[in-house]
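Trainee: Sharing a structure with you now.
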Number of protein chains: 2
Amino acid sequence: MSEEDQRPPERARRLPRAVRERQILDAAVQVFSRHGYHAASMDEISDVAGVSKPMIYTYLGSKEDLFGACIRREATRLLEAIQAGVQPDLPPDMQLWHGLRSFYRFVAEYRESWTVLHRQALTVGGTFAAEVTDMRVRAIQLVAALVVSAGTRKGVGEQAEFSGEGLSAALVGAAESLADWALDHPDISDGVLASWLMNLVWLGFNDLIEGEVWKPSE
Amino acid sequence: MSEEDQRPPERARRLPRAVRERQILDAAVQVFSRHGYHAASMDEISDVAGVSKPMIYTYLGSKEDLFGACIRREATRLLEAIQAGVQPDLPPDMQLWHGLRSFYRFVAEYRESWTVLHRQALTVGGTFAAEVTDMRVRAIQLVAALVVSAGTRKGVGEQAEFSGEGLSAALVGAAESLADWALDHPDISDGVLASWLMNLVWLGFNDLIEGEVWKPSE
DNA sequence: CTCCCTTGTTACTCGAGCGTAAGGCTACCG
DNA sequence: CGGTAGCCTTACGCTCGAGTAACAAGGGAG
């Protein structure tokens with residue numbers, strides 16, 4: 001019954017800085033993942049965030065800074081999600097299994113985060129590409145450590161057909177590629193995806209054809 | 001001793017159209033592979049090609065047309081290179097082996113072509129992304145056919161842990177990822193790379209740890 | 001010699017989009 | 001109640017780069 005109440009101010013006004021920053025980052029991830037770094041415009045991001053453009057610049061800095069903030073936040077989320085699902089006292093194949101499941105759960109839930117990290121981050125030359133590449137290298141080395149530990153425990157040395165780093169790079173690529181494929185097949189669960197990959201890289205086609213199947217041992 | 005011969009016109013003038021188009025496409029692939037589609041400028045491409053900008057527009061059309069022409073030419077080259085190395089009457093693992101070797105030879109020789117196709121083409125939404133994706137899908141289906149033929153010959157049906165398409169997507173991703181890795185390790189030969197991948201996907205880690213090794217049977 | 005088609009260039013238009021100047025409004029504090 | 005600090009906007013400057021007119025010149029055909 002007061003004046004001006006005919007239009008309830010549904011548009012949230014005057015929010016604290018932390019909240020605005022979250023909104024902006026969410027919008028930025030969304031827009032960057034759709035168009036890529038260069039084709040994304042700050043105007044569209046501000047539009048999606050429901051905030052005017054200077055807010056972005058005062059809170060998050062330039063376009064490059066904003067992209068960096070996105071990358072760092074999403075990378076941290078991904079690593080935390082994977083580490084949350086891993087149990088370091090299990091045998092190597094079970095560690096791999098749990099890591100993969102966490103990974104596919106994350107990709108399914110935060111597909112835009114994944115797209116930004118995987119596809120878009122590399123197209124921007126400079127610091128961010130290096131950061132993302134570093135993260136990827138750490139993942140590869142982690143996998144390599146798993147594989148090598150499994151190998152040395154059985155007494156496998158460094159022979160011509162066995163290079164831990166190369167194989168791990170291939171494996172990580174396989175996991176990423178399967179993640180992309182899974183984006184177009186949302187009905188496949190993370191357990192099934194992880195199983196496929198375990199059967200591929202742990203058993204190989206040969207055993208698979210012979211009818212053998214890898215299963216989580218627990 | 002004639003007039004004006006102090007500066008021999010080393011700059012090649014007045015070449016036929018076909019030659020210019022090749023030069024322009026070469027330059028475009030180079031620049032696109034370095035900066036990506038959006039960050040690449042037509043001015044830089046014309047500079048690298050040693051031609052003025054309107055030539056590009058009269059010969060190859062808009063920036064998008066130019067990029068499409070690059071993608072098509074490089075994709076054709078890649079497919080031809082792979083098909084040249086394949087022999088359809090061999091057993092599936094040997095076909096895979098030969099295809100992989102051809103692939104890695106191509107990537108080593110035409111790394112810019114590979115970069116454009118793999119990294120940059122997907123960042124441009126629209127027709128080209130679809131084209132490249134189609135090519136990739138064809139590759140996956142081809143590999144899937146190989147694997148399934150190997151499987152059905154042995155009597156493996158469609159079971160929960162065995163999906164040809166998903167596995168092939170993973171395998172193709174592994175091959176691509178290993179190609180990227182190999183760009184930073186030029187001393188590794190295509191035969192070794194292909195061997196690693198064969199050992200990974202054909203035998204799997206388990207057999208590998210047990211000391212088994214896959215070798216080309218010929 | 002002259003026409004005209006192909007090859008080629010310089011120098012511009014114009015829009016998109018990053019970043020900012022300048023200022024308004026609200027709340028809290030003294 | 002006045003001031004000050006933080007939230008927020010409109011409206012603009014300015015650069016970069018896609019695409020284009022307008023013009024120039026070689027060279028073969030008749």
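Chain labels A, B, ... are given in the sequence in which chains occur in the structure tokens; within each chain residues are numbered consecutively from 1, and ligands are likewise numbered from 1 in the order shown.
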What are the coordinates of chain A as a PDB file with C-alpha atoms, in the first residue's frame following a least-squares fit to chain B on all in-order C-alpha atoms?
Mentor:
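New file result33.pdb:
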```
ATOM      1  CA  MET A   1      73.889  -3.320 -68.214  1.00  0.00           C
ATOM      2  CA  SER A   2      70.368  -2.236 -68.964  1.00  0.00           C
ATOM      3  CA  GLU A   3      68.548   0.378 -66.917  1.00  0.00           C
ATOM      4  CA  GLU A   4      67.151  -0.583 -63.473  1.00  0.00           C
ATOM      5  CA  ASP A   5      68.962  -3.884 -63.131  1.00  0.00           C
ATOM      6  CA  GLN A   6      70.644  -2.829 -59.876  1.00  0.00           C
ATOM      7  CA  ARG A   7      67.785  -4.490 -57.960  1.00  0.00           C
ATOM      8  CA  PRO A   8      67.027  -7.871 -59.468  1.00  0.00           C
ATOM      9  CA  PRO A   9      63.301  -8.375 -58.944  1.00  0.00           C
ATOM     10  CA  GLU A  10      63.793 -11.233 -56.481  1.00  0.00           C
ATOM     11  CA  ARG A  11      60.241 -10.681 -55.290  1.00  0.00           C
ATOM     12  CA  ALA A  12      58.309 -13.005 -57.562  1.00  0.00           C
ATOM     13  CA  ARG A  13      55.838 -10.867 -59.407  1.00  0.00           C
ATOM     14  CA  ARG A  14      52.853 -11.771 -61.481  1.00  0.00           C
ATOM     15  CA  LEU A  15      52.425 -15.449 -60.756  1.00  0.00           C
ATOM     16  CA  PRO A  16      49.536 -17.580 -61.988  1.00  0.00           C
ATOM     17  CA  ARG A  17      46.480 -17.848 -59.797  1.00  0.00           C
ATOM     18  CA  ALA A  18      46.967 -21.465 -58.757  1.00  0.00           C
ATOM     19  CA  VAL A  19      50.407 -20.726 -57.348  1.00  0.00           C
ATOM     20  CA  ARG A  20      49.165 -17.717 -55.406  1.00  0.00           C
ATOM     21  CA  GLU A  21      46.331 -19.738 -53.957  1.00  0.00           C
ATOM     22  CA  ARG A  22      48.785 -22.320 -52.701  1.00  0.00           C
ATOM     23  CA  GLN A  23      50.960 -19.651 -51.112  1.00  0.00           C
ATOM     24  CA  ILE A  24      47.964 -18.072 -49.453  1.00  0.00           C
ATOM     25  CA  LEU A  25      46.679 -21.367 -48.110  1.00  0.00           C
ATOM     26  CA  ASP A  26      50.124 -22.256 -46.774  1.00  0.00           C
ATOM     27  CA  ALA A  27      50.368 -18.933 -44.992  1.00  0.00           C
ATOM     28  CA  ALA A  28      46.834 -19.231 -43.663  1.00  0.00           C
ATOM     29  CA  VAL A  29      47.443 -22.668 -42.202  1.00  0.00           C
ATOM     30  CA  GLN A  30      50.578 -21.385 -40.543  1.00  0.00           C
ATOM     31  CA  VAL A  31      48.936 -18.340 -38.997  1.00  0.00           C
ATOM     32  CA  PHE A  32      45.715 -20.118 -38.010  1.00  0.00           C
ATOM     33  CA  SER A  33      47.685 -22.872 -36.344  1.00  0.00           C
ATOM     34  CA  ARG A  34      49.683 -20.341 -34.350  1.00  0.00           C
ATOM     35  CA  HIS A  35      46.915 -18.021 -33.169  1.00  0.00           C
ATOM     36  CA  GLY A  36      43.632 -19.797 -33.758  1.00  0.00           C
ATOM     37  CA  TYR A  37      40.818 -18.582 -35.952  1.00  0.00           C
ATOM     38  CA  HIS A  38      39.724 -15.456 -34.125  1.00  0.00           C
ATOM     39  CA  ALA A  39      43.126 -14.174 -33.085  1.00  0.00           C
ATOM     40  CA  ALA A  40      44.542 -14.612 -36.574  1.00  0.00           C
ATOM     41  CA  SER A  41      44.312 -11.484 -38.699  1.00  0.00           C
ATOM     42  CA  MET A  42      43.944 -11.343 -42.443  1.00  0.00           C
ATOM     43  CA  ASP A  43      46.687  -8.720 -42.514  1.00  0.00           C
ATOM     44  CA  GLU A  44      49.160 -11.126 -40.954  1.00  0.00           C
ATOM     45  CA  ILE A  45      48.173 -13.875 -43.351  1.00  0.00           C
ATOM     46  CA  SER A  46      48.623 -11.601 -46.337  1.00  0.00           C
ATOM     47  CA  ASP A  47      51.955 -10.532 -44.910  1.00  0.00           C
ATOM     48  CA  VAL A  48      53.202 -14.084 -44.488  1.00  0.00           C
ATOM     49  CA  ALA A  49      51.931 -15.030 -47.928  1.00  0.00           C
ATOM     50  CA  GLY A  50      53.768 -12.086 -49.461  1.00  0.00           C
ATOM     51  CA  VAL A  51      50.593 -10.856 -51.098  1.00  0.00           C
ATOM     52  CA  SER A  52      48.318  -7.911 -50.524  1.00  0.00           C
ATOM     53  CA  LYS A  53      45.041  -8.448 -48.768  1.00  0.00           C
ATOM     54  CA  PRO A  54      42.558  -8.004 -51.638  1.00  0.00           C
ATOM     55  CA  MET A  55      44.223 -10.922 -53.420  1.00  0.00           C
ATOM     56  CA  ILE A  56      43.024 -13.187 -50.661  1.00  0.00           C
ATOM     57  CA  TYR A  57      39.502 -11.897 -50.943  1.00  0.00           C
ATOM     58  CA  THR A  58      39.347 -12.179 -54.717  1.00  0.00           C
ATOM     59  CA  TYR A  59      40.865 -15.659 -54.754  1.00  0.00           C
ATOM     60  CA  LEU A  60      39.654 -17.358 -51.602  1.00  0.00           C
ATOM     61  CA  GLY A  61      36.774 -15.222 -50.343  1.00  0.00           C
ATOM     62  CA  SER A  62      36.066 -14.170 -46.780  1.00  0.00           C
ATOM     63  CA  LYS A  63      38.002 -15.155 -43.677  1.00  0.00           C
ATOM     64  CA  GLU A  64      35.538 -17.920 -42.996  1.00  0.00           C
ATOM     65  CA  ASP A  65      35.833 -19.207 -46.562  1.00  0.00           C
ATOM     66  CA  LEU A  66      39.605 -19.143 -46.256  1.00  0.00           C
ATOM     67  CA  PHE A  67      39.513 -21.113 -43.043  1.00  0.00           C
ATOM     68  CA  GLY A  68      37.173 -23.613 -44.627  1.00  0.00           C
ATOM     69  CA  ALA A  69      39.517 -24.038 -47.564  1.00  0.00           C
ATOM     70  CA  CYS A  70      42.403 -24.680 -45.147  1.00  0.00           C
ATOM     71  CA  ILE A  71      40.429 -27.253 -43.201  1.00  0.00           C
ATOM     72  CA  ARG A  72      39.329 -29.088 -46.299  1.00  0.00           C
ATOM     73  CA  ARG A  73      42.786 -29.187 -47.829  1.00  0.00           C
ATOM     74  CA  GLU A  74      44.487 -30.399 -44.665  1.00  0.00           C
ATOM     75  CA  ALA A  75      41.779 -32.927 -43.881  1.00  0.00           C
ATOM     76  CA  THR A  76      42.089 -34.364 -47.359  1.00  0.00           C
ATOM     77  CA  ARG A  77      45.852 -34.569 -46.988  1.00  0.00           C
ATOM     78  CA  LEU A  78      45.557 -36.383 -43.678  1.00  0.00           C
ATOM     79  CA  LEU A  79      43.011 -38.900 -44.913  1.00  0.00           C
ATOM     80  CA  GLU A  80      45.024 -39.598 -48.054  1.00  0.00           C
ATOM     81  CA  ALA A  81      48.185 -40.065 -46.019  1.00  0.00           C
ATOM     82  CA  ILE A  82      46.474 -42.612 -43.791  1.00  0.00           C
ATOM     83  CA  GLN A  83      44.762 -44.467 -46.618  1.00  0.00           C
ATOM     84  CA  ALA A  84      48.052 -44.656 -48.496  1.00  0.00           C
ATOM     85  CA  GLY A  85      49.560 -46.713 -45.665  1.00  0.00           C
ATOM     86  CA  VAL A  86      46.703 -49.126 -45.064  1.00  0.00           C
ATOM     87  CA  GLN A  87      46.342 -52.616 -46.527  1.00  0.00           C
ATOM     88  CA  PRO A  88      42.776 -53.915 -46.246  1.00  0.00           C
ATOM     89  CA  ASP A  89      43.608 -57.620 -46.431  1.00  0.00           C
ATOM     90  CA  LEU A  90      45.673 -57.736 -43.251  1.00  0.00           C
ATOM     91  CA  PRO A  91      44.328 -58.792 -39.836  1.00  0.00           C
ATOM     92  CA  PRO A  92      42.787 -56.012 -37.722  1.00  0.00           C
ATOM     93  CA  ASP A  93      45.730 -55.401 -35.446  1.00  0.00           C
ATOM     94  CA  MET A  94      48.098 -55.012 -38.384  1.00  0.00           C
ATOM     95  CA  GLN A  95      45.702 -52.601 -40.096  1.00  0.00           C
ATOM     96  CA  LEU A  96      45.558 -50.538 -36.941  1.00  0.00           C
ATOM     97  CA  TRP A  97      49.323 -50.641 -36.720  1.00  0.00           C
ATOM     98  CA  HIS A  98      49.854 -49.373 -40.246  1.00  0.00           C
ATOM     99  CA  GLY A  99      47.190 -46.703 -39.915  1.00  0.00           C
ATOM    100  CA  LEU A 100      48.793 -45.427 -36.747  1.00  0.00           C
ATOM    101  CA  ARG A 101      52.246 -45.281 -38.283  1.00  0.00           C
ATOM    102  CA  SER A 102      50.963 -43.279 -41.237  1.00  0.00           C
ATOM    103  CA  PHE A 103      49.130 -40.976 -38.882  1.00  0.00           C
ATOM    104  CA  TYR A 104      52.198 -40.236 -36.776  1.00  0.00           C
ATOM    105  CA  ARG A 105      54.326 -39.743 -39.845  1.00  0.00           C
ATOM    106  CA  PHE A 106      51.845 -37.166 -41.094  1.00  0.00           C
ATOM    107  CA  VAL A 107      51.679 -35.318 -37.792  1.00  0.00           C
ATOM    108  CA  ALA A 108      55.456 -35.129 -37.586  1.00  0.00           C
ATOM    109  CA  GLU A 109      55.792 -33.817 -41.112  1.00  0.00           C
ATOM    110  CA  TYR A 110      52.817 -31.430 -41.184  1.00  0.00           C
ATOM    111  CA  ARG A 111      52.501 -30.382 -37.590  1.00  0.00           C
ATOM    112  CA  GLU A 112      50.757 -27.142 -38.496  1.00  0.00           C
ATOM    113  CA  SER A 113      48.135 -29.022 -40.472  1.00  0.00           C
ATOM    114  CA  TRP A 114      47.533 -31.219 -37.486  1.00  0.00           C
ATOM    115  CA  THR A 115      47.275 -28.300 -35.100  1.00  0.00           C
ATOM    116  CA  VAL A 116      44.736 -26.544 -37.279  1.00  0.00           C
ATOM    117  CA  LEU A 117      42.630 -29.643 -37.648  1.00  0.00           C
ATOM    118  CA  HIS A 118      42.770 -30.811 -34.083  1.00  0.00           C
ATOM    119  CA  ARG A 119      42.864 -27.735 -31.923  1.00  0.00           C
ATOM    120  CA  GLN A 120      41.592 -24.784 -33.891  1.00  0.00           C
ATOM    121  CA  ALA A 121      38.841 -26.181 -36.074  1.00  0.00           C
ATOM    122  CA  LEU A 122      36.543 -26.969 -33.164  1.00  0.00           C
ATOM    123  CA  THR A 123      36.700 -23.460 -31.735  1.00  0.00           C
ATOM    124  CA  VAL A 124      34.873 -22.013 -34.724  1.00  0.00           C
ATOM    125  CA  GLY A 125      31.240 -22.873 -34.323  1.00  0.00           C
ATOM    126  CA  GLY A 126      29.348 -23.568 -37.500  1.00  0.00           C
ATOM    127  CA  THR A 127      29.949 -25.594 -40.599  1.00  0.00           C
ATOM    128  CA  PHE A 128      33.651 -26.293 -40.175  1.00  0.00           C
ATOM    129  CA  ALA A 129      33.343 -27.695 -36.713  1.00  0.00           C
ATOM    130  CA  ALA A 130      30.710 -30.026 -38.131  1.00  0.00           C
ATOM    131  CA  GLU A 131      32.958 -30.992 -41.025  1.00  0.00           C
ATOM    132  CA  VAL A 132      35.908 -31.793 -38.808  1.00  0.00           C
ATOM    133  CA  THR A 133      33.701 -33.580 -36.333  1.00  0.00           C
ATOM    134  CA  ASP A 134      32.323 -35.633 -39.193  1.00  0.00           C
ATOM    135  CA  MET A 135      35.807 -36.609 -40.260  1.00  0.00           C
ATOM    136  CA  ARG A 136      36.608 -37.594 -36.723  1.00  0.00           C
ATOM    137  CA  VAL A 137      33.407 -39.607 -36.467  1.00  0.00           C
ATOM    138  CA  ARG A 138      34.287 -41.420 -39.679  1.00  0.00           C
ATOM    139  CA  ALA A 139      37.688 -42.254 -38.213  1.00  0.00           C
ATOM    140  CA  ILE A 140      36.049 -43.550 -35.045  1.00  0.00           C
ATOM    141  CA  GLN A 141      33.606 -45.684 -36.983  1.00  0.00           C
ATOM    142  CA  LEU A 142      36.424 -47.054 -39.083  1.00  0.00           C
ATOM    143  CA  VAL A 143      38.318 -48.067 -35.982  1.00  0.00           C
ATOM    144  CA  ALA A 144      35.145 -49.419 -34.478  1.00  0.00           C
ATOM    145  CA  ALA A 145      34.625 -51.577 -37.563  1.00  0.00           C
ATOM    146  CA  LEU A 146      38.119 -52.957 -37.154  1.00  0.00           C
ATOM    147  CA  VAL A 147      37.638 -53.753 -33.513  1.00  0.00           C
ATOM    148  CA  VAL A 148      34.200 -55.219 -33.977  1.00  0.00           C
ATOM    149  CA  SER A 149      35.364 -57.356 -36.869  1.00  0.00           C
ATOM    150  CA  ALA A 150      38.149 -58.631 -34.661  1.00  0.00           C
ATOM    151  CA  GLY A 151      35.617 -59.229 -31.918  1.00  0.00           C
ATOM    152  CA  THR A 152      32.855 -60.919 -33.890  1.00  0.00           C
ATOM    153  CA  ARG A 153      35.335 -63.165 -35.567  1.00  0.00           C
ATOM    154  CA  LYS A 154      36.053 -64.516 -32.119  1.00  0.00           C
ATOM    155  CA  GLY A 155      32.392 -64.579 -31.184  1.00  0.00           C
ATOM    156  CA  VAL A 156      32.129 -61.655 -28.817  1.00  0.00           C
ATOM    157  CA  GLY A 157      28.635 -60.231 -28.659  1.00  0.00           C
ATOM    158  CA  GLU A 158      27.493 -56.895 -27.315  1.00  0.00           C
ATOM    159  CA  GLN A 159      27.962 -57.092 -23.600  1.00  0.00           C
ATOM    160  CA  ALA A 160      27.831 -54.490 -20.879  1.00  0.00           C
ATOM    161  CA  GLU A 161      31.569 -53.892 -20.694  1.00  0.00           C
ATOM    162  CA  PHE A 162      32.102 -53.735 -24.437  1.00  0.00           C
ATOM    163  CA  SER A 163      30.828 -50.862 -26.525  1.00  0.00           C
ATOM    164  CA  GLY A 164      32.614 -50.537 -29.831  1.00  0.00           C
ATOM    165  CA  GLU A 165      31.791 -46.898 -30.401  1.00  0.00           C
ATOM    166  CA  GLY A 166      32.799 -45.710 -26.957  1.00  0.00           C
ATOM    167  CA  LEU A 167      35.996 -47.704 -26.977  1.00  0.00           C
ATOM    168  CA  SER A 168      36.867 -46.411 -30.412  1.00  0.00           C
ATOM    169  CA  ALA A 169      36.275 -42.836 -29.308  1.00  0.00           C
ATOM    170  CA  ALA A 170      38.647 -43.453 -26.435  1.00  0.00           C
ATOM    171  CA  LEU A 171      41.208 -45.027 -28.715  1.00  0.00           C
ATOM    172  CA  VAL A 172      41.093 -42.199 -31.228  1.00  0.00           C
ATOM    173  CA  GLY A 173      41.484 -39.752 -28.357  1.00  0.00           C
ATOM    174  CA  ALA A 174      44.473 -41.691 -27.100  1.00  0.00           C
ATOM    175  CA  ALA A 175      46.071 -41.575 -30.519  1.00  0.00           C
ATOM    176  CA  GLU A 176      45.475 -37.822 -30.815  1.00  0.00           C
ATOM    177  CA  SER A 177      46.751 -37.143 -27.359  1.00  0.00           C
ATOM    178  CA  LEU A 178      49.876 -39.153 -28.007  1.00  0.00           C
ATOM    179  CA  ALA A 179      50.346 -37.152 -31.203  1.00  0.00           C
ATOM    180  CA  ASP A 180      50.278 -33.933 -29.208  1.00  0.00           C
ATOM    181  CA  TRP A 181      52.725 -35.409 -26.740  1.00  0.00           C
ATOM    182  CA  ALA A 182      54.994 -36.459 -29.577  1.00  0.00           C
ATOM    183  CA  LEU A 183      55.139 -32.879 -30.843  1.00  0.00           C
ATOM    184  CA  ASP A 184      57.213 -32.102 -27.749  1.00  0.00           C
ATOM    185  CA  HIS A 185      59.365 -35.223 -28.229  1.00  0.00           C
ATOM    186  CA  PRO A 186      60.448 -35.141 -31.866  1.00  0.00           C
ATOM    187  CA  ASP A 187      63.121 -37.774 -31.343  1.00  0.00           C
ATOM    188  CA  ILE A 188      60.551 -40.534 -30.906  1.00  0.00           C
ATOM    189  CA  SER A 189      59.907 -42.293 -34.210  1.00  0.00           C
ATOM    190  CA  ASP A 190      56.465 -43.034 -35.586  1.00  0.00           C
ATOM    191  CA  GLY A 191      57.125 -46.750 -35.219  1.00  0.00           C
ATOM    192  CA  VAL A 192      57.775 -46.414 -31.511  1.00  0.00           C
ATOM    193  CA  LEU A 193      54.704 -44.251 -30.999  1.00  0.00           C
ATOM    194  CA  ALA A 194      52.499 -46.711 -32.836  1.00  0.00           C
ATOM    195  CA  SER A 195      54.022 -49.551 -30.824  1.00  0.00           C
ATOM    196  CA  TRP A 196      53.202 -47.864 -27.553  1.00  0.00           C
ATOM    197  CA  LEU A 197      49.631 -47.396 -28.557  1.00  0.00           C
ATOM    198  CA  MET A 198      49.287 -50.953 -29.819  1.00  0.00           C
ATOM    199  CA  ASN A 199      50.661 -52.269 -26.566  1.00  0.00           C
ATOM    200  CA  LEU A 200      48.319 -50.065 -24.605  1.00  0.00           C
ATOM    201  CA  VAL A 201      45.071 -50.772 -26.375  1.00  0.00           C
ATOM    202  CA  TRP A 202      45.698 -54.219 -27.719  1.00  0.00           C
ATOM    203  CA  LEU A 203      47.424 -55.828 -24.796  1.00  0.00           C
ATOM    204  CA  GLY A 204      46.514 -53.453 -21.972  1.00  0.00           C
ATOM    205  CA  PHE A 205      48.464 -52.619 -18.867  1.00  0.00           C
ATOM    206  CA  ASN A 206      47.834 -55.962 -17.292  1.00  0.00           C
ATOM    207  CA  ASP A 207      49.553 -58.011 -19.972  1.00  0.00           C
ATOM    208  CA  LEU A 208      52.207 -55.327 -20.255  1.00  0.00           C
ATOM    209  CA  ILE A 209      53.018 -55.629 -16.598  1.00  0.00           C
ATOM    210  CA  GLU A 210      53.204 -59.383 -16.974  1.00  0.00           C
ATOM    211  CA  GLY A 211      55.924 -58.843 -19.534  1.00  0.00           C
ATOM    212  CA  GLU A 212      54.009 -59.485 -22.721  1.00  0.00           C
ATOM    213  CA  VAL A 213      54.749 -57.320 -25.725  1.00  0.00           C
ATOM    214  CA  TRP A 214      52.842 -56.767 -28.922  1.00  0.00           C
ATOM    215  CA  LYS A 215      54.931 -56.885 -32.111  1.00  0.00           C
ATOM    216  CA  PRO A 216      53.993 -56.470 -35.753  1.00  0.00           C
ATOM    217  CA  SER A 217      53.515 -59.985 -37.127  1.00  0.00           C
ATOM    218  CA  GLU A 218      55.393 -59.854 -40.401  1.00  0.00           C
TER     219      GLU A 218
END
```
Trainee: Counting only C-alpha atoms (C1' of nucleotides), a student should be able to say which residues of chain C come within 9 Å of chain A; what is the right answer, written as a list of chain:residue names?
Mentor: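 Written out as asked, the residues are C:DG17, C:DC18, C:DG19, C:DT20, C:DT26.
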Trainee: Looking only at the backbone, which of the residues in stretch 14-204 of chain A does DSSP tag as helix (DSSP H, G or I), as a PyMOL selection string?
Mentor: chain A and resi 17-35+42-49+53-60+63-84+92-109+111-123+127-153+164-183+190-204
Trainee: Rounded to one decimal, what separation in Å do you get between atom C1' of D:DG27 and atom C1' of C:DT2?
Mentor: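 Going from atom C1' of D:DG27 over to atom C1' of C:DT2, I get 12.4 Å.
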Trainee: Which distance in Å separates atom C1' of C:DA16 and atom C1' of D:DC8, to one decimal?
Mentor: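 Value for the atom C1' of C:DA16-atom C1' of D:DC8 distance: 24.8 Å.
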Trainee: May I have a table of the residues of chain D lying at most 10 Å from chain B, giving each one's closest pair of atoms and their distance in Å to one decimal, counting only C-alpha atoms (C1' of nucleotides), ordered by chain and ascending residue number, as CSV?
Mentor:
```
residue,atom,partner,partner_atom,distance
D:DC16,C1',B:Ser41,CA,9.8
D:DG17,C1',B:Ser41,CA,6.9
D:DA18,C1',B:Met42,CA,7.8
D:DG19,C1',B:Ser62,CA,8.0
D:DT20,C1',B:Pro54,CA,8.3
D:DG26,C1',B:Arg14,CA,7.9
```
